[in-house]
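Undergrad: Contents are TSV, C-alpha atoms and all ligand atoms; file name structure.tsv:
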```
chain	number	residue	atom	x	y	z
G	22	MET	CA	15.46	17.24	23.55
G	23	ILE	CA	15.79	18.54	19.96
G	24	PRO	CA	13.36	21.50	19.61
G	25	GLU	CA	9.82	20.61	18.47
G	26	PRO	CA	10.02	21.91	14.84
G	27	LEU	CA	13.02	19.63	14.22
G	28	ALA	CA	11.32	16.75	16.01
G	29	ARG	CA	9.23	16.02	12.94
G	30	ALA	CA	9.59	13.40	10.27
G	31	PRO	CA	13.23	12.81	9.42
G	32	ALA	CA	13.78	12.34	5.71
G	33	ARG	CA	17.00	10.43	6.34
G	34	ALA	CA	17.94	8.14	9.16
G	35	HIS	CA	20.93	10.25	10.21
G	36	ASP	CA	18.42	12.97	11.07
G	37	LEU	CA	17.46	10.71	13.97
G	38	ALA	CA	20.86	11.32	15.60
G	39	GLY	CA	20.35	12.59	19.13
G	40	ARG	CA	16.56	12.39	18.82
G	41	ASP	CA	13.95	10.70	20.98
G	42	ILE	CA	11.59	8.10	19.57
G	43	LEU	CA	8.28	8.71	21.31
G	44	SER	CA	5.54	8.28	18.72
G	45	VAL	CA	5.05	6.94	15.23
G	46	SER	CA	3.92	10.43	14.21
G	47	GLN	CA	7.63	11.28	13.95
G	48	PHE	CA	7.91	9.10	10.86
G	49	ASP	CA	6.77	9.31	7.26
G	50	PRO	CA	7.15	6.85	4.37
G	51	ALA	CA	10.49	8.38	3.34
G	52	SER	CA	12.05	8.13	6.80
G	53	LEU	CA	10.61	4.64	7.25
G	54	GLY	CA	12.15	3.59	3.96
G	55	ALA	CA	15.53	4.85	5.20
G	56	ILE	CA	15.19	3.02	8.52
G	57	PHE	CA	14.15	-0.19	6.77
G	58	GLU	CA	17.20	0.03	4.50
G	59	ILE	CA	19.41	0.11	7.58
G	60	THR	CA	17.33	-2.70	9.06
G	61	ASP	CA	18.05	-4.82	5.98
G	62	GLU	CA	21.76	-4.13	6.49
G	63	MET	CA	21.54	-5.07	10.16
G	64	ARG	CA	19.84	-8.31	9.27
G	65	ALA	CA	22.57	-9.12	6.74
G	66	ILE	CA	25.27	-8.31	9.31
G	67	VAL	CA	23.70	-10.59	11.93
G	68	GLN	CA	23.22	-13.39	9.42
G	69	ARG	CA	26.80	-13.07	8.17
G	70	ASP	CA	28.81	-12.25	11.30
G	71	GLY	CA	26.43	-12.30	14.26
G	72	GLY	CA	27.08	-8.59	14.87
G	73	THR	CA	29.42	-5.63	14.50
G	74	ASP	CA	31.33	-3.14	16.65
G	75	LEU	CA	29.45	-0.02	15.52
G	76	LEU	CA	28.40	0.93	19.06
G	77	THR	CA	31.46	-0.22	21.00
G	78	ARG	CA	31.75	1.54	24.38
G	79	ARG	CA	28.18	2.87	24.04
G	80	VAL	CA	25.79	2.07	26.87
G	81	LEU	CA	22.02	1.59	26.81
G	82	ALA	CA	19.90	1.89	29.96
G	83	ALA	CA	16.84	-0.37	29.60
G	84	LEU	CA	14.28	0.73	32.18
G	85	PHE	CA	11.17	-1.45	32.28
G	86	TYR	CA	8.45	-0.62	34.80
G	87	GLU	CA	6.13	-3.15	33.16
G	88	PRO	CA	6.80	-6.79	32.31
G	89	SER	CA	8.48	-7.41	28.99
G	90	THR	CA	10.17	-10.32	27.30
G	91	ARG	CA	10.52	-9.50	23.61
G	92	THR	CA	10.90	-5.75	23.77
G	93	SER	CA	13.52	-5.79	26.53
G	94	ALA	CA	15.37	-8.87	25.20
G	95	SER	CA	15.44	-7.58	21.64
G	96	PHE	CA	16.71	-4.14	22.68
G	97	ILE	CA	19.41	-5.80	24.79
G	98	ALA	CA	20.33	-8.21	21.99
G	99	ALA	CA	20.31	-5.32	19.49
G	100	MET	CA	22.72	-3.27	21.61
G	101	GLN	CA	24.99	-6.23	22.23
G	102	ARG	CA	25.07	-7.27	18.58
G	103	LEU	CA	26.20	-3.71	17.79
G	104	GLY	CA	29.08	-4.07	20.26
G	105	GLY	CA	27.50	-1.91	22.98
G	106	SER	CA	26.47	-2.83	26.48
G	107	VAL	CA	23.35	-2.54	28.59
G	108	ILE	CA	22.25	-1.54	32.09
G	109	PRO	CA	19.11	-3.65	32.44
G	110	ILE	CA	16.62	-2.37	35.01
G	111	THR	CA	13.75	-4.68	34.34
G	112	GLN	CA	11.96	-7.08	36.63
G	113	GLY	CA	14.25	-5.75	39.36
G	114	VAL	CA	12.57	-2.35	39.35
G	115	GLN	CA	11.04	-3.23	42.69
G	116	PHE	CA	14.55	-3.52	44.16
G	117	SER	CA	15.73	-0.19	42.80
G	118	SER	CA	15.29	3.41	43.89
G	119	VAL	CA	12.07	3.51	41.93
G	120	SER	CA	10.49	1.50	44.74
G	121	LYS	CA	11.83	4.05	47.23
G	122	GLY	CA	9.61	6.70	45.67
G	123	GLU	CA	12.07	8.36	43.30
G	124	SER	CA	10.37	10.40	40.55
G	125	LEU	CA	10.66	9.32	36.92
G	126	PRO	CA	12.58	12.51	35.92
G	127	ASP	CA	15.10	11.90	38.71
G	128	THR	CA	15.61	8.28	37.68
G	129	ILE	CA	16.08	9.35	34.06
G	130	ARG	CA	18.44	12.21	34.92
G	131	THR	CA	20.55	9.78	36.91
G	132	LEU	CA	20.60	7.03	34.30
G	133	GLU	CA	21.74	9.40	31.60
G	134	GLN	CA	24.86	10.08	33.64
G	135	TYR	CA	25.85	6.47	32.88
G	136	ALA	CA	24.19	5.70	29.57
G	137	ASP	CA	24.09	7.17	26.05
G	138	VAL	CA	20.50	6.18	25.31
G	139	ILE	CA	17.52	5.20	27.48
G	140	VAL	CA	14.76	2.76	26.57
G	141	LEU	CA	11.67	3.15	28.77
G	142	ARG	CA	8.54	1.08	29.29
G	143	HIS	CA	6.08	2.54	31.75
G	144	PRO	CA	2.39	1.95	32.61
G	145	VAL	CA	1.36	5.62	32.29
G	146	VAL	CA	0.38	7.21	28.97
G	147	GLY	CA	2.72	10.13	28.25
G	148	SER	CA	5.51	8.92	30.54
G	149	ALA	CA	8.00	8.58	27.68
G	150	LYS	CA	7.49	12.26	26.87
G	151	ILE	CA	8.04	13.19	30.53
G	152	ALA	CA	11.27	11.17	30.51
G	153	ALA	CA	12.39	12.72	27.22
G	154	ASP	CA	11.76	16.22	28.57
G	155	ALA	CA	13.95	15.41	31.57
G	156	ALA	CA	16.77	13.87	29.54
G	157	ALA	CA	19.44	15.38	27.35
G	158	LYS	CA	20.16	11.92	25.88
G	159	PRO	CA	17.78	10.12	23.49
G	160	VAL	CA	14.81	8.35	25.06
G	161	ILE	CA	13.05	5.54	23.19
G	162	ASN	CA	9.46	4.75	24.12
G	163	ALA	CA	9.08	0.98	24.57
G	164	GLY	CA	5.39	1.30	25.48
G	165	ASP	CA	3.64	3.93	27.61
G	166	GLY	CA	0.54	2.32	29.08
G	167	ALA	CA	-2.24	2.05	26.51
G	168	GLY	CA	-0.63	4.93	24.58
G	169	GLU	CA	1.98	4.07	21.98
G	170	HIS	CA	4.60	1.46	21.18
G	171	PRO	CA	6.40	3.01	18.22
G	172	THR	CA	9.28	0.55	17.82
G	173	GLN	CA	6.77	-2.33	17.73
G	174	ALA	CA	4.84	-0.55	14.96
G	175	LEU	CA	8.05	-0.12	12.98
G	176	LEU	CA	8.90	-3.81	13.27
G	177	ASP	CA	5.30	-4.70	12.38
G	178	LEU	CA	5.46	-2.57	9.26
G	179	TYR	CA	8.89	-3.97	8.38
G	180	THR	CA	7.48	-7.49	8.70
G	181	ILE	CA	4.53	-6.71	6.44
G	182	ARG	CA	6.81	-5.13	3.84
G	183	ASP	CA	9.23	-8.01	4.07
G	184	ALA	CA	6.51	-10.63	3.61
G	185	LEU	CA	4.22	-8.94	1.10
G	186	GLY	CA	6.39	-6.37	-0.68
G	187	ALA	CA	4.55	-3.06	-0.74
G	188	ILE	CA	2.23	-1.62	1.90
G	189	ASP	CA	0.00	0.30	-0.53
G	190	GLY	CA	-3.04	-1.62	-1.67
G	191	LEU	CA	-3.18	-4.00	1.31
G	192	HIS	CA	-6.25	-4.92	3.35
G	193	ILE	CA	-5.20	-5.22	6.99
G	194	ALA	CA	-7.48	-6.42	9.78
G	195	MET	CA	-6.73	-5.88	13.47
G	196	VAL	CA	-8.38	-8.31	15.85
G	197	GLY	CA	-8.91	-8.35	19.61
G	198	ASP	CA	-8.18	-5.63	22.15
G	199	LEU	CA	-8.19	-2.54	19.98
G	200	ARG	CA	-9.10	-0.34	22.94
G	201	PHE	CA	-6.09	-0.93	25.19
G	202	GLY	CA	-3.65	-2.42	22.68
G	203	ARG	CA	-0.92	0.18	22.23
G	204	THR	CA	0.64	-1.79	19.37
G	205	VAL	CA	-2.63	-1.37	17.47
G	206	HIS	CA	-2.73	2.36	18.19
G	207	SER	CA	0.79	2.89	16.88
G	208	LEU	CA	0.48	0.59	13.88
G	209	THR	CA	-2.82	2.10	12.68
G	210	LYS	CA	-1.36	5.61	12.88
G	211	LEU	CA	1.59	4.47	10.81
G	212	LEU	CA	-0.58	2.66	8.27
G	213	ALA	CA	-2.75	5.78	7.86
G	214	GLN	CA	0.12	7.21	5.82
G	215	TYR	CA	-0.32	4.52	3.20
G	216	ASP	CA	-3.07	3.59	0.80
G	217	VAL	CA	-4.54	0.71	2.82
G	218	ARG	CA	-7.92	-0.65	3.84
G	219	LEU	CA	-8.30	-1.28	7.57
G	220	THR	CA	-10.89	-3.49	9.26
G	221	PHE	CA	-11.19	-3.52	13.05
G	222	VAL	CA	-12.54	-6.69	14.60
G	223	SER	CA	-13.45	-6.55	18.29
G	224	PRO	CA	-16.21	-7.01	20.82
G	225	GLU	CA	-18.09	-3.81	21.63
G	226	ILE	CA	-16.15	-2.98	24.81
G	227	LEU	CA	-12.76	-3.38	23.08
G	228	ARG	CA	-13.43	-1.17	20.07
G	229	LEU	CA	-10.74	1.15	18.76
G	230	PRO	CA	-10.78	4.47	20.71
G	231	LEU	CA	-12.86	7.12	18.98
G	232	ASN	CA	-9.98	9.57	18.69
G	233	VAL	CA	-7.84	7.00	16.85
G	234	MET	CA	-10.79	6.15	14.59
G	235	ASN	CA	-11.47	9.83	13.86
G	236	ASP	CA	-7.82	10.44	12.98
G	237	LEU	CA	-7.99	7.57	10.50
G	238	ARG	CA	-11.18	8.91	8.93
G	239	ASP	CA	-9.69	12.43	8.74
G	240	ALA	CA	-6.67	10.94	6.97
G	241	GLY	CA	-9.06	9.46	4.41
G	242	VAL	CA	-8.39	5.83	5.31
G	243	ASP	CA	-11.03	3.27	4.30
G	244	VAL	CA	-12.02	1.89	7.74
G	245	ARG	CA	-14.62	-0.68	8.75
G	246	GLU	CA	-15.60	-2.41	11.98
G	247	THR	CA	-17.07	-5.83	12.63
G	248	TYR	CA	-17.42	-8.34	15.49
G	249	ASN	CA	-16.77	-11.33	13.36
G	250	VAL	CA	-13.44	-12.63	12.03
G	251	ALA	CA	-15.28	-14.91	9.60
G	252	ASP	CA	-16.63	-11.78	7.82
G	253	ILE	CA	-13.17	-10.72	6.69
G	254	VAL	CA	-10.69	-13.56	6.99
G	255	GLY	CA	-10.99	-14.54	3.34
G	256	ASP	CA	-10.31	-11.02	2.12
G	257	VAL	CA	-7.28	-9.83	4.12
G	258	ASP	CA	-3.59	-9.64	3.36
G	259	VAL	CA	-2.72	-9.24	7.04
G	260	LEU	CA	-4.59	-10.54	10.08
G	261	TYR	CA	-3.06	-8.78	13.10
G	262	VAL	CA	-4.27	-10.49	16.28
G	263	THR	CA	-3.77	-9.06	19.76
G	264	ARG	CA	-3.94	-10.18	23.37
G	265	VAL	CA	-6.72	-8.85	25.57
G	266	GLN	CA	-4.77	-6.49	27.85
G	267	LYS	CA	-5.82	-7.87	31.23
G	268	GLU	CA	-3.61	-5.42	33.13
G	269	ARG	CA	-5.60	-2.44	31.82
G	270	PHE	CA	-9.01	-3.63	33.05
G	271	THR	CA	-10.42	-2.15	36.25
G	272	ASP	CA	-13.25	-4.71	36.21
G	273	LEU	CA	-11.80	-8.24	35.96
G	274	GLN	CA	-15.29	-9.67	35.44
G	275	GLN	CA	-15.38	-7.71	32.19
G	276	TYR	CA	-12.00	-9.17	31.23
G	277	GLU	CA	-13.31	-12.68	31.82
G	278	GLU	CA	-16.23	-11.98	29.48
G	279	VAL	CA	-14.05	-11.00	26.52
G	280	LYS	CA	-10.76	-12.80	27.06
G	281	ASP	CA	-11.59	-15.74	24.80
G	282	PHE	CA	-13.73	-13.82	22.33
G	283	TYR	CA	-11.47	-14.72	19.39
G	284	VAL	CA	-9.40	-17.82	18.88
G	285	ILE	CA	-7.71	-18.23	15.51
G	286	THR	CA	-7.67	-21.92	14.65
G	287	PRO	CA	-6.44	-23.97	11.66
G	288	ASP	CA	-10.08	-24.13	10.64
G	289	ILE	CA	-10.33	-20.33	10.42
G	290	MET	CA	-6.99	-20.21	8.57
G	291	ARG	CA	-8.46	-22.54	5.92
G	292	SER	CA	-10.65	-19.62	4.79
G	293	ALA	CA	-7.69	-17.22	4.57
G	294	ARG	CA	-5.76	-16.45	1.40
G	295	ARG	CA	-2.67	-18.43	0.56
G	296	GLU	CA	-0.36	-15.41	0.45
G	297	MET	CA	-1.61	-13.57	3.55
G	298	ILE	CA	0.22	-13.33	6.90
G	299	LEU	CA	-1.01	-13.87	10.44
G	300	MET	CA	0.70	-11.49	12.89
G	301	HIS	CA	0.71	-11.02	16.66
G	302	PRO	CA	2.97	-8.74	18.74
G	303	LEU	CA	3.14	-11.52	21.38
G	304	PRO	CA	2.78	-12.64	24.12
G	305	ARG	CA	-0.08	-14.84	22.98
G	306	VAL	CA	-2.51	-16.24	25.50
G	307	THR	CA	-5.39	-18.12	23.85
G	308	GLU	CA	-6.15	-15.94	20.83
G	309	ILE	CA	-4.15	-18.02	18.35
G	310	ALA	CA	-4.22	-21.80	18.76
G	311	GLU	CA	-0.74	-23.33	18.91
G	312	SER	CA	-1.79	-25.69	16.14
G	313	VAL	CA	-1.64	-22.68	13.78
G	314	ASP	CA	2.10	-22.12	14.42
G	315	ALA	CA	3.23	-24.60	11.76
G	316	ASP	CA	1.22	-22.72	9.10
G	317	PRO	CA	3.76	-20.87	6.88
G	318	ARG	CA	1.49	-17.82	7.03
G	319	ALA	CA	2.00	-17.58	10.81
G	320	ALA	CA	4.54	-14.73	10.95
G	321	TYR	CA	4.69	-13.91	14.66
G	322	PHE	CA	8.05	-15.44	15.52
G	323	ARG	CA	9.66	-13.93	12.40
G	324	GLN	CA	8.04	-10.67	13.50
G	325	ALA	CA	9.79	-10.93	16.90
G	326	ARG	CA	13.12	-11.61	15.16
G	327	ASN	CA	12.64	-8.57	12.94
G	328	GLY	CA	12.23	-6.55	16.12
G	329	MET	CA	15.88	-7.04	16.91
G	330	PHE	CA	16.99	-5.86	13.45
G	331	VAL	CA	14.72	-2.79	13.55
G	332	ARG	CA	15.96	-1.90	17.05
G	333	MET	CA	19.58	-2.28	15.89
G	334	ALA	CA	18.80	0.23	13.13
G	335	LEU	CA	17.09	2.63	15.55
G	336	LEU	CA	19.88	2.46	18.17
G	337	ALA	CA	22.52	3.09	15.50
G	338	ALA	CA	20.45	5.99	14.14
G	339	VAL	CA	19.78	7.81	17.42
G	340	LEU	CA	23.44	7.37	18.39
G	341	GLY	CA	24.49	8.96	15.09
G	342	LYS	CA	26.12	5.84	13.67
G	343	ALA	CA	23.63	4.82	10.97
X	1	LIG	C1	2.95	-5.85	23.39
X	1	LIG	C2	2.98	-4.74	24.41
X	1	LIG	O1	3.73	-4.80	25.39
X	1	LIG	O2	2.25	-3.78	24.19
X	1	LIG	N1	4.02	-6.75	23.52
X	1	LIG	C3	5.20	-6.45	22.92
X	1	LIG	O3	5.81	-5.43	23.15
X	1	LIG	N2	5.63	-7.31	21.99
X	1	LIG	C4	1.63	-6.52	23.32
X	1	LIG	C5	1.07	-7.15	24.56
X	1	LIG	O4	1.63	-7.09	25.64
X	1	LIG	O5	0.00	-7.76	24.42
```
Written as structure tokens, how would this file's structure read?
Ligand code: NCD
TA:
Amino acid sequence: MIPEPLARAPARAHDLAGRDILSVSQFDPASLGAIFEITDEMRAIVQRDGGTDLLTRRVLAALFYEPSTRTSASFIAAMQRLGGSVIPITQGVQFSSVSKGESLPDTIRTLEQYADVIVLRHPVVGSAKIAADAAAKPVINAGDGAGEHPTQALLDLYTIRDALGAIDGLHIAMVGDLRFGRTVHSLTKLLAQYDVRLTFVSPEILRLPLNVMNDLRDAGVDVRETYNVADIVGDVDVLYVTRVQKERFTDLQQYEEVKDFYVITPDIMRSARREMILMHPLPRVTEIAESVDADPRAAYFRQARNGMFVRMALLAAVLGKA
């Protein structure tokens, strides 16, 4: 909606007013710092009062063409804790006009007649951009297929910063489905702007896409790949584990072969540093044993909670109220 030259990294959060959030490439360390400051404020507000009336009479349309628990619930909770309200079009998509064959631009153009901001999750890479081009109101990408998931990357980065202080100097390992995992794609792009070491741990068929890897190398990031968690677990500040994205496989036999490739257990965590964190965007299937949850380094539920605070900050910012 805002012309392309302006759609680049905002130095201050109020520059996000009226803007779409489609990709992490819109952000730089300065704008992230500004968003995280607002996020800190949102967290304090929720802890103190449960919420505020900053977005009273504002309406969010939450359009989810793919299953979601955390992303949809945290956007809804974020809007409600800011005093706004929500049109949820989630699991019911099959009952809506979408199932009658309506095009995405038509659905978006209609929803923006009712809402001030649209959150979209869609199975097709690039769909958020198509929606944003159709809309005059801000569109927030809540996951476009195996493409990007920018708000998840922001909450991931916020969680790392919150737990470990600075981002610079960290060794971060990503484990699991690096090929289809959009949270990995967005988070690595964001981390490339910092002075970090990245290790990618996956079976051969789930390796990080070459274009993402090349972008990291071009950005001068120290990147390594391995098959084996044991190689790196003792040396990382962050172990970011992901679910094997069953829904993206065309060959389910192949999925069966890799689905249980990694399982983080208390035994593996015994080799990890004391001050590291174990992250996961959730939902978890088998890749982290439940017996790890009581470990204070297991950060995934805090991570989900931070998602609500980050999304409060982003909604306030795109609606010009940050
Ligand atoms: C992730 C997603 O949808 O990409 N979940 C989420 O938003 N927290 C990860 C996943 O589904 O595995």
Undergrad: My list of candidates is G:Ile110, G:Ala99, G:Met329, G:Met290. Which is closest to Gly255 in chain G when distances are computed with all atoms listed in the file?
TA: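 Comparing G:Ile110, G:Ala99, G:Met329, G:Met290 against Gly255 in chain G, the winner is G:Met290.
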Undergrad: Got a sec to check which residues lie within 9 Å of ligand LIG 1 (chain X), using all atoms listed in the file, and send them as a PyMOL selection string?
TA: chain G and resi 87-93+142+163-167+169-170+172-173+198+201-205+263-267+301-306+325+328
Undergrad: So which one's closest to Leu37 in chain G, G:Asn249, G:Arg318, G:Ile161, G:Leu125? Using all atoms listed in the file, please.
TA: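 Of all the options, G:Ile161 lies closest to Leu37 in chain G.
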Undergrad: Would you mind reading off the distance between CA of Glu58 in chain G and CA of Asp36 in chain G, one decimal, in Å?
TA: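 Separation between CA of Glu58 in chain G and CA of Asp36 in chain G: 14.6 Å.
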Undergrad: Report the distance between CA of Asp177 in chain G and CA of Ile309 in chain G in Å, rounded to one decimal place.
TA: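 Answer for the CA of Asp177 in chain G to CA of Ile309 in chain G separation: 17.4 Å.
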Undergrad: One decimal, in Å: what's the spacing between CA of Leu212 in chain G and CA of Asp183 in chain G?
TA: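 Answer for the CA of Leu212 in chain G to CA of Asp183 in chain G separation: 15.1 Å.
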Undergrad: Complete range 46-59 of chain G at the level of N, CA and C atoms, written as an mmCIF file, in the coordinates of the input.
TA:
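Resulting contents of result22.cif:
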```
data_model
loop_
_atom_site.group_PDB
_atom_site.id
_atom_site.type_symbol
_atom_site.label_atom_id
_atom_site.label_comp_id
_atom_site.auth_asym_id
_atom_site.auth_seq_id
_atom_site.Cartn_x
_atom_site.Cartn_y
_atom_site.Cartn_z
ATOM 1 N N SER G 46 4.185 9.221 15.000
ATOM 2 C CA SER G 46 3.920 10.430 14.210
ATOM 3 C C SER G 46 5.212 11.149 13.817
ATOM 4 N N GLN G 47 6.347 10.714 14.360
ATOM 5 C CA GLN G 47 7.630 11.280 13.950
ATOM 6 C C GLN G 47 8.077 10.780 12.584
ATOM 7 N N PHE G 48 7.414 9.746 12.073
ATOM 8 C CA PHE G 48 7.910 9.100 10.860
ATOM 9 C C PHE G 48 6.977 9.310 9.681
ATOM 10 N N ASP G 49 7.570 9.289 8.482
ATOM 11 C CA ASP G 49 6.770 9.310 7.260
ATOM 12 C C ASP G 49 7.345 8.223 6.340
ATOM 13 N N PRO G 50 6.669 7.952 5.220
ATOM 14 C CA PRO G 50 7.150 6.850 4.370
ATOM 15 C C PRO G 50 8.621 6.987 3.968
ATOM 16 N N ALA G 51 9.089 8.219 3.754
ATOM 17 C CA ALA G 51 10.490 8.380 3.340
ATOM 18 C C ALA G 51 11.441 7.985 4.470
ATOM 19 N N SER G 52 11.150 8.465 5.690
ATOM 20 C CA SER G 52 12.050 8.130 6.800
ATOM 21 C C SER G 52 11.947 6.646 7.142
ATOM 22 N N LEU G 53 10.760 6.084 6.988
ATOM 23 C CA LEU G 53 10.610 4.640 7.250
ATOM 24 C C LEU G 53 11.408 3.835 6.241
ATOM 25 N N GLY G 54 11.360 4.275 4.997
ATOM 26 C CA GLY G 54 12.150 3.590 3.960
ATOM 27 C C GLY G 54 13.628 3.594 4.314
ATOM 28 N N ALA G 55 14.102 4.743 4.826
ATOM 29 C CA ALA G 55 15.530 4.850 5.200
ATOM 30 C C ALA G 55 15.839 3.921 6.367
ATOM 31 N N ILE G 56 14.954 3.892 7.350
ATOM 32 C CA ILE G 56 15.190 3.020 8.520
ATOM 33 C C ILE G 56 15.160 1.545 8.094
ATOM 34 N N PHE G 57 14.258 1.219 7.197
ATOM 35 C CA PHE G 57 14.150 -0.190 6.770
ATOM 36 C C PHE G 57 15.367 -0.614 5.937
ATOM 37 N N GLU G 58 15.969 0.357 5.231
ATOM 38 C CA GLU G 58 17.200 0.030 4.500
ATOM 39 C C GLU G 58 18.309 -0.347 5.482
ATOM 40 N N ILE G 59 18.410 0.438 6.552
ATOM 41 C CA ILE G 59 19.410 0.110 7.580
ATOM 42 C C ILE G 59 19.061 -1.218 8.248
#
```
